[in-house]
$ cat input-v2.tsv   # TSV, C-alpha atoms
chain	number	residue	atom	x	y	z
A	1	SER	CA	8.21	-15.06	-66.04
A	2	ASN	CA	5.56	-17.80	-66.02
A	3	GLY	CA	6.15	-18.81	-62.39
A	4	PHE	CA	2.62	-18.50	-61.03
A	5	ASN	CA	1.06	-19.95	-64.20
A	6	ASP	CA	3.41	-22.93	-63.94
A	7	ILE	CA	2.39	-23.50	-60.32
A	8	ILE	CA	-1.29	-23.42	-61.27
A	9	GLY	CA	-0.51	-25.61	-64.30
A	10	VAL	CA	1.00	-28.29	-62.06
A	11	ALA	CA	-1.50	-27.97	-59.19
A	12	LEU	CA	-4.66	-28.32	-61.30
A	13	PRO	CA	-3.71	-31.61	-63.02
A	14	ALA	CA	-2.44	-32.95	-59.68
A	15	ALA	CA	-5.80	-32.09	-58.10
A	16	ALA	CA	-7.52	-33.70	-61.10
A	17	LEU	CA	-5.58	-36.94	-60.64
A	18	LEU	CA	-6.26	-36.95	-56.91
A	19	LEU	CA	-9.99	-36.36	-57.41
A	20	LEU	CA	-10.20	-38.95	-60.17
A	21	GLY	CA	-8.49	-41.51	-57.92
A	22	GLU	CA	-10.93	-40.71	-55.13
A	23	GLN	CA	-13.91	-41.05	-57.45
A	24	MET	CA	-12.76	-44.22	-59.19
A	25	SER	CA	-12.17	-46.05	-55.91
A	26	TYR	CA	-15.20	-44.59	-54.11
A	27	ASP	CA	-17.19	-46.97	-51.93
A	28	SER	CA	-20.14	-45.55	-50.03
A	29	HIS	CA	-19.38	-47.90	-47.12
A	30	ASP	CA	-16.41	-45.66	-46.33
A	31	ILE	CA	-18.93	-42.94	-45.35
A	32	ARG	CA	-20.14	-44.38	-42.07
A	33	PHE	CA	-23.22	-42.24	-41.41
A	34	LEU	CA	-24.85	-43.21	-44.73
A	35	PHE	CA	-25.81	-46.56	-43.26
A	36	LYS	CA	-28.21	-47.32	-40.44
A	37	PRO	CA	-26.87	-48.84	-38.25
A	38	PRO	CA	-23.38	-47.67	-39.19
A	39	ASP	CA	-21.05	-50.38	-40.39
A	40	LYS	CA	-18.29	-51.25	-38.02
A	41	TRP	CA	-15.08	-49.55	-38.92
A	42	VAL	CA	-13.15	-51.39	-41.58
A	43	GLN	CA	-10.15	-50.49	-43.64
A	44	PRO	CA	-11.24	-47.85	-46.20
A	45	HIS	CA	-11.64	-49.02	-49.77
A	46	ASN	CA	-10.75	-45.64	-51.22
A	47	TRP	CA	-7.24	-45.37	-52.62
A	48	ILE	CA	-6.82	-41.95	-51.00
A	49	GLY	CA	-8.24	-43.07	-47.63
A	50	VAL	CA	-11.27	-41.99	-45.66
A	51	GLY	CA	-10.62	-38.33	-46.48
A	52	GLY	CA	-10.66	-39.21	-50.16
A	53	ALA	CA	-13.97	-41.00	-49.76
A	54	TYR	CA	-15.54	-37.98	-48.08
A	55	LEU	CA	-14.14	-35.60	-50.71
A	56	ALA	CA	-15.44	-37.77	-53.55
A	57	TRP	CA	-18.83	-37.96	-51.83
A	58	MET	CA	-18.85	-34.15	-51.48
A	59	PHE	CA	-18.60	-33.96	-55.28
A	60	PHE	CA	-21.07	-36.79	-55.94
A	61	LEU	CA	-23.74	-35.36	-53.64
A	62	PRO	CA	-24.33	-32.10	-55.52
A	63	LEU	CA	-23.27	-33.22	-59.01
A	64	GLY	CA	-24.11	-36.91	-59.21
A	65	ILE	CA	-22.33	-38.67	-62.05
A	66	ALA	CA	-21.44	-35.29	-63.55
A	67	ALA	CA	-18.75	-35.08	-60.84
A	68	TYR	CA	-16.57	-37.08	-63.22
A	69	LEU	CA	-16.43	-33.94	-65.41
A	70	VAL	CA	-14.64	-31.97	-62.71
A	71	PRO	CA	-11.26	-33.78	-63.01
A	72	VAL	CA	-11.44	-33.46	-66.79
A	73	LEU	CA	-12.09	-29.73	-66.57
A	74	LEU	CA	-9.33	-29.29	-63.98
A	75	ALA	CA	-6.86	-31.10	-66.24
A	76	ILE	CA	-7.85	-29.01	-69.26
A	77	PHE	CA	-7.48	-25.76	-67.35
A	78	GLY	CA	-4.15	-27.00	-65.96
A	79	ALA	CA	-2.92	-27.68	-69.50
A	80	ALA	CA	-4.02	-24.19	-70.48
A	81	TYR	CA	-1.83	-22.74	-67.73
A	82	LEU	CA	1.17	-25.04	-68.03
A	83	LEU	CA	1.47	-25.74	-71.75
A	84	ASN	CA	-0.55	-22.83	-73.12
A	85	PHE	CA	-2.63	-25.56	-74.77
A	86	LEU	CA	-6.07	-24.04	-75.19
A	87	GLY	CA	-4.56	-20.80	-73.88
A	88	TYR	CA	-7.72	-18.87	-74.63
A	89	LEU	CA	-9.30	-20.60	-71.60
A	90	ARG	CA	-6.76	-18.83	-69.41
A	91	GLU	CA	-7.05	-15.53	-71.27
A	92	ARG	CA	-10.85	-15.44	-70.89
A	93	LEU	CA	-10.92	-17.11	-67.49
A	94	ARG	CA	-14.21	-15.66	-66.21
A	95	TRP	CA	-16.10	-16.65	-69.34
A	96	SER	CA	-14.43	-20.05	-69.44
A	97	LEU	CA	-15.40	-20.75	-65.82
A	98	LEU	CA	-18.96	-19.57	-66.49
A	99	TRP	CA	-19.34	-21.85	-69.52
A	100	SER	CA	-17.76	-24.74	-67.60
A	101	ALA	CA	-20.34	-24.25	-64.86
A	102	MET	CA	-23.12	-24.12	-67.47
A	103	LEU	CA	-21.83	-27.38	-68.96
A	104	ILE	CA	-22.00	-29.02	-65.53
A	105	VAL	CA	-25.52	-27.64	-64.95
A	106	SER	CA	-26.71	-29.00	-68.29
A	107	VAL	CA	-25.18	-32.44	-67.69
A	108	THR	CA	-26.65	-32.68	-64.18
A	109	GLY	CA	-30.06	-31.69	-65.50
A	110	LEU	CA	-29.94	-34.25	-68.32
A	111	LEU	CA	-28.81	-36.95	-65.89
A	112	TYR	CA	-31.62	-36.03	-63.50
A	113	ILE	CA	-34.18	-36.38	-66.29
A	114	MET	CA	-32.67	-39.67	-67.49
A	115	ASP	CA	-32.67	-41.06	-63.95
A	116	ASP	CA	-36.25	-39.84	-63.43
A	117	GLY	CA	-35.25	-38.12	-60.21
A	118	GLY	CA	-33.70	-41.23	-58.68
A	119	ASP	CA	-36.56	-43.59	-59.56
A	120	ARG	CA	-34.61	-45.53	-62.20
A	121	GLY	CA	-31.56	-47.59	-61.47
A	122	THR	CA	-29.51	-47.77	-58.33
A	123	PHE	CA	-26.28	-46.02	-59.29
A	124	HIS	CA	-27.29	-42.88	-57.42
A	125	ALA	CA	-27.55	-44.92	-54.22
A	126	LYS	CA	-24.06	-46.33	-54.76
A	127	ILE	CA	-22.59	-42.83	-54.91
A	128	GLY	CA	-24.74	-41.55	-52.05
A	129	SER	CA	-26.63	-38.95	-54.07
A	130	LEU	CA	-30.26	-37.99	-54.60
A	131	SER	CA	-30.18	-38.99	-58.26
A	132	ALA	CA	-27.73	-39.48	-61.10
A	133	GLY	CA	-27.88	-35.69	-61.56
A	134	GLY	CA	-27.34	-34.92	-57.89
A	135	TRP	CA	-28.84	-32.02	-56.00
A	136	LEU	CA	-27.91	-29.57	-58.74
A	137	GLY	CA	-29.96	-31.54	-61.27
A	138	PHE	CA	-32.88	-31.56	-58.84
A	139	LEU	CA	-32.66	-27.83	-58.12
A	140	THR	CA	-32.36	-26.74	-61.74
A	141	TYR	CA	-35.04	-29.12	-63.01
A	142	GLY	CA	-37.27	-28.23	-60.08
A	143	GLN	CA	-40.04	-30.75	-59.81
A	144	THR	CA	-41.58	-32.02	-56.60
A	145	GLN	CA	-44.78	-33.95	-56.05
A	146	SER	CA	-46.77	-30.78	-55.50
A	147	TYR	CA	-44.84	-28.01	-57.29
A	148	ASN	CA	-43.02	-27.43	-60.55
A	149	PHE	CA	-40.39	-24.73	-60.73
A	150	GLY	CA	-37.26	-24.20	-62.78
A	151	ILE	CA	-36.77	-25.92	-66.10
A	152	SER	CA	-39.45	-28.54	-65.37
A	153	LEU	CA	-41.98	-25.86	-66.37
A	154	PHE	CA	-41.07	-26.73	-69.98
A	155	GLY	CA	-42.02	-30.40	-69.49
A	156	ARG	CA	-39.64	-33.34	-69.90
A	157	ILE	CA	-39.09	-32.92	-73.63
A	158	GLY	CA	-38.74	-29.15	-73.44
A	159	ALA	CA	-36.37	-29.42	-70.49
A	160	THR	CA	-34.26	-31.96	-72.37
A	161	ILE	CA	-34.04	-29.55	-75.31
A	162	VAL	CA	-33.11	-26.63	-73.01
A	163	TYR	CA	-30.42	-28.65	-71.20
A	164	ALA	CA	-29.03	-30.02	-74.48
A	165	ALA	CA	-28.91	-26.54	-76.03
A	166	LEU	CA	-27.18	-25.17	-72.94
A	167	GLY	CA	-24.65	-28.02	-73.01
A	168	LEU	CA	-23.92	-27.61	-76.72
A	169	SER	CA	-23.58	-23.84	-76.32
A	170	SER	CA	-21.18	-24.38	-73.45
A	171	VAL	CA	-19.03	-26.75	-75.48
A	172	LEU	CA	-19.03	-24.32	-78.42
A	173	PHE	CA	-17.91	-21.40	-76.25
A	174	LEU	CA	-15.31	-23.51	-74.43
A	175	THR	CA	-13.74	-24.70	-77.67
A	176	THR	CA	-14.15	-21.44	-79.63
A	177	PHE	CA	-15.46	-23.55	-82.48
A	178	ARG	CA	-16.26	-21.51	-85.56
$ encode --input "input-v2.tsv" --output "structure tokens"
Amino acid sequence: SNGFNDIIGVALPAAALLLLGEQMSYDSHDIRFLFKPPDKWVQPHNWIGVGGAYLAWMFFLPLGIAAYLVPVLLAIFGAAYLLNFLGYLRERLRWSLLWSAMLIVSVTGLLYIMDDGGDRGTFHAKIGSLSAGGWLGFLTYGQTQSYNFGISLFGRIGATIVYAALGLSSVLFLTTFR
């Protein structure tokens, strides 16, 4: 009776483990076109191979460090399907996915502000992303040298408050905390 839910419940944690393995062993030197001139081909450092390196980079590019949330969310949703642990996530799937996306948006925005758009630190270069918040953090914060759009219109402190409130609201709705 739970056949399809069991399949989803096994597939999501398996995808989470695969993605986490790709991210934990990610080395930007496995992505050849990121370097000028390209490094000569060497054995990939990624545990999942070259394909794993590209897949991890495809998550790091838009999400930055927040990409590490994706395996956690996949595992939680998988547990909701397989064990009926946090079953309300499965019952209200659309809302749960929306609040999960809002949590990722808030984390990418906060990371973008903390990283000052890629001007602080070098971790964003190691993962091959624009900043610690990735492209999503850049697009939602919305500040260029000549224009401000998006949440940057509130200023740094106001944007931090907006992102933090959005993140806390997301966590509250995902946990049904009362």
$ closest_residue --input "input-v2.tsv" --among "A:Ala159, A:Ala15, A:Val10, A:Val105" --to "A:Leu63" --atoms "only C-alpha atoms"
A:Val105
$ closest_residue --input "input-v2.tsv" --among "A:Leu111, A:Met24, A:Leu174, A:Leu19" --to "A:Leu89" --atoms "all atoms listed in the file"
A:Leu174
$ closest_residue --input "input-v2.tsv" --among "A:Phe138, A:Tyr147, A:Phe154, A:Phe123" --to "A:Ile65" --atoms "all atoms listed in the file"
A:Phe123
$ closest_residue --input "input-v2.tsv" --among "A:Gly167, A:Pro44, A:Gly3, A:Gly150" --to "A:Glu22" --atoms "only C-alpha atoms"
A:Pro44
$ residues_around --input "input-v2.tsv" --residues "A:Thr176" --least-positions-apart "4" --cutoff "9 Å" --atoms "all atoms listed in the file" --output "MDAnalysis selection string"
chainID A and resid 88 171:172
$ atom_distance --input "input-v2.tsv" --atom1 "atom CA of A:Gly21" --atom2 "atom CA of A:Gly64"
16.3 Å
$ atom_distance --input "input-v2.tsv" --atom1 "atom CA of A:Leu83" --atom2 "atom CA of A:Leu103"
23.5 Å
$ atom_distance --input "input-v2.tsv" --atom1 "atom CA of A:Ala79" --atom2 "atom CA of A:Pro13"
7.6 Å
$ residues_around --input "input-v2.tsv" --residues "A:Thr140" --least-positions-apart "3" --cutoff "9 Å" --atoms "only C-alpha atoms" --output "JSON, numbers by chain"
{"A": [105, 106, 108, 109, 135, 136, 137, 143, 149, 150, 151, 152]}
$ residues_near_point --input "input-v2.tsv" --point "(-35.1, -27.7, -72.1)" --cutoff "10 Å" --atoms "only C-alpha atoms" --output "CSV table (one decimal) with C-alpha atoms, in the coordinates of the input"
chain,number,residue,atom,x,y,z
A,106,SER,CA,-26.7,-29.0,-68.3
A,109,GLY,CA,-30.1,-31.7,-65.5
A,110,LEU,CA,-29.9,-34.2,-68.3
A,141,TYR,CA,-35.0,-29.1,-63.0
A,151,ILE,CA,-36.8,-25.9,-66.1
A,152,SER,CA,-39.4,-28.5,-65.4
A,153,LEU,CA,-42.0,-25.9,-66.4
A,154,PHE,CA,-41.1,-26.7,-70.0
A,155,GLY,CA,-42.0,-30.4,-69.5
A,156,ARG,CA,-39.6,-33.3,-69.9
A,157,ILE,CA,-39.1,-32.9,-73.6
A,158,GLY,CA,-38.7,-29.2,-73.4
A,159,ALA,CA,-36.4,-29.4,-70.5
A,160,THR,CA,-34.3,-32.0,-72.4
A,161,ILE,CA,-34.0,-29.6,-75.3
A,162,VAL,CA,-33.1,-26.6,-73.0
A,163,TYR,CA,-30.4,-28.6,-71.2
A,164,ALA,CA,-29.0,-30.0,-74.5
A,165,ALA,CA,-28.9,-26.5,-76.0
A,166,LEU,CA,-27.2,-25.2,-72.9
$ residues_around --input "input-v2.tsv" --residues "A:Phe4" --least-positions-apart "3" --cutoff "12 Å" --atoms "all atoms listed in the file" --output "JSON, numbers by chain"
{"A": [1, 7, 8, 9, 10, 11, 78, 81, 82]}
$ closest_residue --input "input-v2.tsv" --among "A:Asn84, A:Gln23, A:Ser170, A:Asn148" --to "A:Asn5" --atoms "only C-alpha atoms"
A:Asn84
$ decode --input "input-v2.tsv" --residues "stretch 93-140 of chain A" --atoms "N, CA and C atoms" --output "PDB file, in the first residue's frame"
ATOM      1  N   LEU A  93       2.935  18.842   0.974  1.00  0.00           N
ATOM      2  CA  LEU A  93       4.153  18.843   0.172  1.00  0.00           C
ATOM      3  C   LEU A  93       4.414  20.179  -0.510  1.00  0.00           C
ATOM      4  N   ARG A  94       3.393  20.775  -1.100  1.00  0.00           N
ATOM      5  CA  ARG A  94       3.610  22.058  -1.797  1.00  0.00           C
ATOM      6  C   ARG A  94       4.105  23.129  -0.843  1.00  0.00           C
ATOM      7  N   TRP A  95       3.464  23.221   0.312  1.00  0.00           N
ATOM      8  CA  TRP A  95       3.887  24.239   1.286  1.00  0.00           C
ATOM      9  C   TRP A  95       5.262  23.917   1.841  1.00  0.00           C
ATOM     10  N   SER A  96       5.536  22.652   2.065  1.00  0.00           N
ATOM     11  CA  SER A  96       6.841  22.258   2.584  1.00  0.00           C
ATOM     12  C   SER A  96       7.951  22.581   1.587  1.00  0.00           C
ATOM     13  N   LEU A  97       7.707  22.335   0.308  1.00  0.00           N
ATOM     14  CA  LEU A  97       8.705  22.665  -0.713  1.00  0.00           C
ATOM     15  C   LEU A  97       8.888  24.176  -0.827  1.00  0.00           C
ATOM     16  N   LEU A  98       7.778  24.920  -0.726  1.00  0.00           N
ATOM     17  CA  LEU A  98       7.878  26.381  -0.781  1.00  0.00           C
ATOM     18  C   LEU A  98       8.709  26.917   0.377  1.00  0.00           C
ATOM     19  N   TRP A  99       8.447  26.442   1.591  1.00  0.00           N
ATOM     20  CA  TRP A  99       9.200  26.925   2.752  1.00  0.00           C
ATOM     21  C   TRP A  99      10.646  26.438   2.727  1.00  0.00           C
ATOM     22  N   SER A 100      10.897  25.268   2.146  1.00  0.00           N
ATOM     23  CA  SER A 100      12.281  24.816   1.977  1.00  0.00           C
ATOM     24  C   SER A 100      13.025  25.734   1.009  1.00  0.00           C
ATOM     25  N   ALA A 101      12.362  26.115  -0.069  1.00  0.00           N
ATOM     26  CA  ALA A 101      12.975  27.041  -1.023  1.00  0.00           C
ATOM     27  C   ALA A 101      13.223  28.400  -0.365  1.00  0.00           C
ATOM     28  N   MET A 102      12.287  28.865   0.449  1.00  0.00           N
ATOM     29  CA  MET A 102      12.474  30.148   1.141  1.00  0.00           C
ATOM     30  C   MET A 102      13.631  30.075   2.135  1.00  0.00           C
ATOM     31  N   LEU A 103      13.808  28.922   2.772  1.00  0.00           N
ATOM     32  CA  LEU A 103      14.941  28.738   3.678  1.00  0.00           C
ATOM     33  C   LEU A 103      16.255  28.837   2.905  1.00  0.00           C
ATOM     34  N   ILE A 104      16.311  28.217   1.742  1.00  0.00           N
ATOM     35  CA  ILE A 104      17.523  28.283   0.922  1.00  0.00           C
ATOM     36  C   ILE A 104      17.771  29.707   0.445  1.00  0.00           C
ATOM     37  N   VAL A 105      16.716  30.414   0.045  1.00  0.00           N
ATOM     38  CA  VAL A 105      16.868  31.815  -0.385  1.00  0.00           C
ATOM     39  C   VAL A 105      17.415  32.662   0.755  1.00  0.00           C
ATOM     40  N   SER A 106      16.873  32.477   1.950  1.00  0.00           N
ATOM     41  CA  SER A 106      17.340  33.291   3.083  1.00  0.00           C
ATOM     42  C   SER A 106      18.793  32.978   3.429  1.00  0.00           C
ATOM     43  N   VAL A 107      19.173  31.715   3.389  1.00  0.00           N
ATOM     44  CA  VAL A 107      20.554  31.355   3.714  1.00  0.00           C
ATOM     45  C   VAL A 107      21.516  31.876   2.652  1.00  0.00           C
ATOM     46  N   THR A 108      21.138  31.782   1.364  1.00  0.00           N
ATOM     47  CA  THR A 108      22.023  32.306   0.322  1.00  0.00           C
ATOM     48  C   THR A 108      22.170  33.818   0.441  1.00  0.00           C
ATOM     49  N   GLY A 109      21.089  34.500   0.772  1.00  0.00           N
ATOM     50  CA  GLY A 109      21.169  35.948   0.945  1.00  0.00           C
ATOM     51  C   GLY A 109      22.051  36.341   2.117  1.00  0.00           C
ATOM     52  N   LEU A 110      21.901  35.649   3.244  1.00  0.00           N
ATOM     53  CA  LEU A 110      22.741  35.941   4.409  1.00  0.00           C
ATOM     54  C   LEU A 110      24.213  35.651   4.112  1.00  0.00           C
ATOM     55  N   LEU A 111      24.467  34.555   3.410  1.00  0.00           N
ATOM     56  CA  LEU A 111      25.852  34.233   3.048  1.00  0.00           C
ATOM     57  C   LEU A 111      26.426  35.259   2.084  1.00  0.00           C
ATOM     58  N   TYR A 112      25.599  35.752   1.170  1.00  0.00           N
ATOM     59  CA  TYR A 112      26.068  36.775   0.236  1.00  0.00           C
ATOM     60  C   TYR A 112      26.446  38.053   0.978  1.00  0.00           C
ATOM     61  N   ILE A 113      25.634  38.441   1.947  1.00  0.00           N
ATOM     62  CA  ILE A 113      25.934  39.639   2.738  1.00  0.00           C
ATOM     63  C   ILE A 113      27.194  39.420   3.568  1.00  0.00           C
ATOM     64  N   MET A 114      27.312  38.260   4.204  1.00  0.00           N
ATOM     65  CA  MET A 114      28.488  37.973   5.030  1.00  0.00           C
ATOM     66  C   MET A 114      29.766  37.968   4.203  1.00  0.00           C
ATOM     67  N   ASP A 115      29.674  37.461   2.982  1.00  0.00           N
ATOM     68  CA  ASP A 115      30.841  37.363   2.108  1.00  0.00           C
ATOM     69  C   ASP A 115      31.096  38.674   1.368  1.00  0.00           C
ATOM     70  N   ASP A 116      30.221  39.638   1.554  1.00  0.00           N
ATOM     71  CA  ASP A 116      30.331  40.944   0.898  1.00  0.00           C
ATOM     72  C   ASP A 116      30.413  40.791  -0.618  1.00  0.00           C
ATOM     73  N   GLY A 117      29.572  39.907  -1.140  1.00  0.00           N
ATOM     74  CA  GLY A 117      29.510  39.708  -2.583  1.00  0.00           C
ATOM     75  C   GLY A 117      30.740  39.071  -3.182  1.00  0.00           C
ATOM     76  N   GLY A 118      31.491  38.315  -2.420  1.00  0.00           N
ATOM     77  CA  GLY A 118      32.693  37.653  -2.923  1.00  0.00           C
ATOM     78  C   GLY A 118      33.964  38.435  -2.662  1.00  0.00           C
ATOM     79  N   ASP A 119      33.869  39.541  -1.920  1.00  0.00           N
ATOM     80  CA  ASP A 119      35.059  40.346  -1.644  1.00  0.00           C
ATOM     81  C   ASP A 119      35.811  39.900  -0.397  1.00  0.00           C
ATOM     82  N   ARG A 120      35.185  39.091   0.437  1.00  0.00           N
ATOM     83  CA  ARG A 120      35.855  38.585   1.640  1.00  0.00           C
ATOM     84  C   ARG A 120      36.140  37.106   1.463  1.00  0.00           C
ATOM     85  N   GLY A 121      37.264  36.688   1.899  1.00  0.00           N
ATOM     86  CA  GLY A 121      37.591  35.266   1.877  1.00  0.00           C
ATOM     87  C   GLY A 121      37.798  34.717   0.479  1.00  0.00           C
ATOM     88  N   THR A 122      38.140  33.454   0.429  1.00  0.00           N
ATOM     89  CA  THR A 122      38.402  32.805  -0.846  1.00  0.00           C
ATOM     90  C   THR A 122      37.617  31.508  -1.013  1.00  0.00           C
ATOM     91  N   PHE A 123      36.741  31.201  -0.071  1.00  0.00           N
ATOM     92  CA  PHE A 123      36.025  29.928  -0.164  1.00  0.00           C
ATOM     93  C   PHE A 123      35.163  29.876  -1.413  1.00  0.00           C
ATOM     94  N   HIS A 124      34.578  31.002  -1.798  1.00  0.00           N
ATOM     95  CA  HIS A 124      33.737  30.998  -2.996  1.00  0.00           C
ATOM     96  C   HIS A 124      34.543  30.633  -4.247  1.00  0.00           C
ATOM     97  N   ALA A 125      35.811  30.989  -4.283  1.00  0.00           N
ATOM     98  CA  ALA A 125      36.648  30.617  -5.426  1.00  0.00           C
ATOM     99  C   ALA A 125      36.943  29.125  -5.413  1.00  0.00           C
ATOM    100  N   LYS A 126      37.062  28.549  -4.236  1.00  0.00           N
ATOM    101  CA  LYS A 126      37.341  27.114  -4.143  1.00  0.00           C
ATOM    102  C   LYS A 126      36.169  26.275  -4.633  1.00  0.00           C
ATOM    103  N   ILE A 127      34.944  26.790  -4.464  1.00  0.00           N
ATOM    104  CA  ILE A 127      33.784  26.033  -4.934  1.00  0.00           C
ATOM    105  C   ILE A 127      33.342  26.477  -6.324  1.00  0.00           C
ATOM    106  N   GLY A 128      34.014  27.468  -6.893  1.00  0.00           N
ATOM    107  CA  GLY A 128      33.706  27.911  -8.246  1.00  0.00           C
ATOM    108  C   GLY A 128      32.427  28.709  -8.344  1.00  0.00           C
ATOM    109  N   SER A 129      32.141  29.530  -7.338  1.00  0.00           N
ATOM    110  CA  SER A 129      30.911  30.303  -7.312  1.00  0.00           C
ATOM    111  C   SER A 129      31.216  31.792  -7.233  1.00  0.00           C
ATOM    112  N   LEU A 130      30.217  32.602  -7.495  1.00  0.00           N
ATOM    113  CA  LEU A 130      30.351  34.055  -7.459  1.00  0.00           C
ATOM    114  C   LEU A 130      30.667  34.555  -6.058  1.00  0.00           C
ATOM    115  N   SER A 131      30.009  33.994  -5.076  1.00  0.00           N
ATOM    116  CA  SER A 131      30.212  34.363  -3.677  1.00  0.00           C
ATOM    117  C   SER A 131      29.808  33.184  -2.814  1.00  0.00           C
ATOM    118  N   ALA A 132      29.917  33.339  -1.512  1.00  0.00           N
ATOM    119  CA  ALA A 132      29.499  32.269  -0.605  1.00  0.00           C
ATOM    120  C   ALA A 132      27.999  32.021  -0.709  1.00  0.00           C
ATOM    121  N   GLY A 133      27.244  33.013  -1.156  1.00  0.00           N
ATOM    122  CA  GLY A 133      25.805  32.872  -1.346  1.00  0.00           C
ATOM    123  C   GLY A 133      25.404  32.486  -2.753  1.00  0.00           C
ATOM    124  N   GLY A 134      26.366  32.346  -3.643  1.00  0.00           N
ATOM    125  CA  GLY A 134      26.081  31.929  -5.009  1.00  0.00           C
ATOM    126  C   GLY A 134      25.308  32.973  -5.798  1.00  0.00           C
ATOM    127  N   TRP A 135      24.855  32.554  -6.964  1.00  0.00           N
ATOM    128  CA  TRP A 135      24.098  33.455  -7.831  1.00  0.00           C
ATOM    129  C   TRP A 135      22.739  33.796  -7.236  1.00  0.00           C
ATOM    130  N   LEU A 136      22.143  32.863  -6.511  1.00  0.00           N
ATOM    131  CA  LEU A 136      20.844  33.145  -5.901  1.00  0.00           C
ATOM    132  C   LEU A 136      20.964  34.244  -4.860  1.00  0.00           C
ATOM    133  N   GLY A 137      22.026  34.226  -4.064  1.00  0.00           N
ATOM    134  CA  GLY A 137      22.253  35.299  -3.101  1.00  0.00           C
ATOM    135  C   GLY A 137      22.446  36.636  -3.795  1.00  0.00           C
ATOM    136  N   PHE A 138      23.178  36.631  -4.907  1.00  0.00           N
ATOM    137  CA  PHE A 138      23.387  37.856  -5.671  1.00  0.00           C
ATOM    138  C   PHE A 138      22.071  38.377  -6.242  1.00  0.00           C
ATOM    139  N   LEU A 139      21.281  37.498  -6.829  1.00  0.00           N
ATOM    140  CA  LEU A 139      20.041  37.931  -7.475  1.00  0.00           C
ATOM    141  C   LEU A 139      18.997  38.416  -6.481  1.00  0.00           C
ATOM    142  N   THR A 140      18.902  37.771  -5.322  1.00  0.00           N
ATOM    143  CA  THR A 140      17.904  38.225  -4.358  1.00  0.00           C
ATOM    144  C   THR A 140      18.360  39.468  -3.614  1.00  0.00           C
TER     145      THR A 140
END
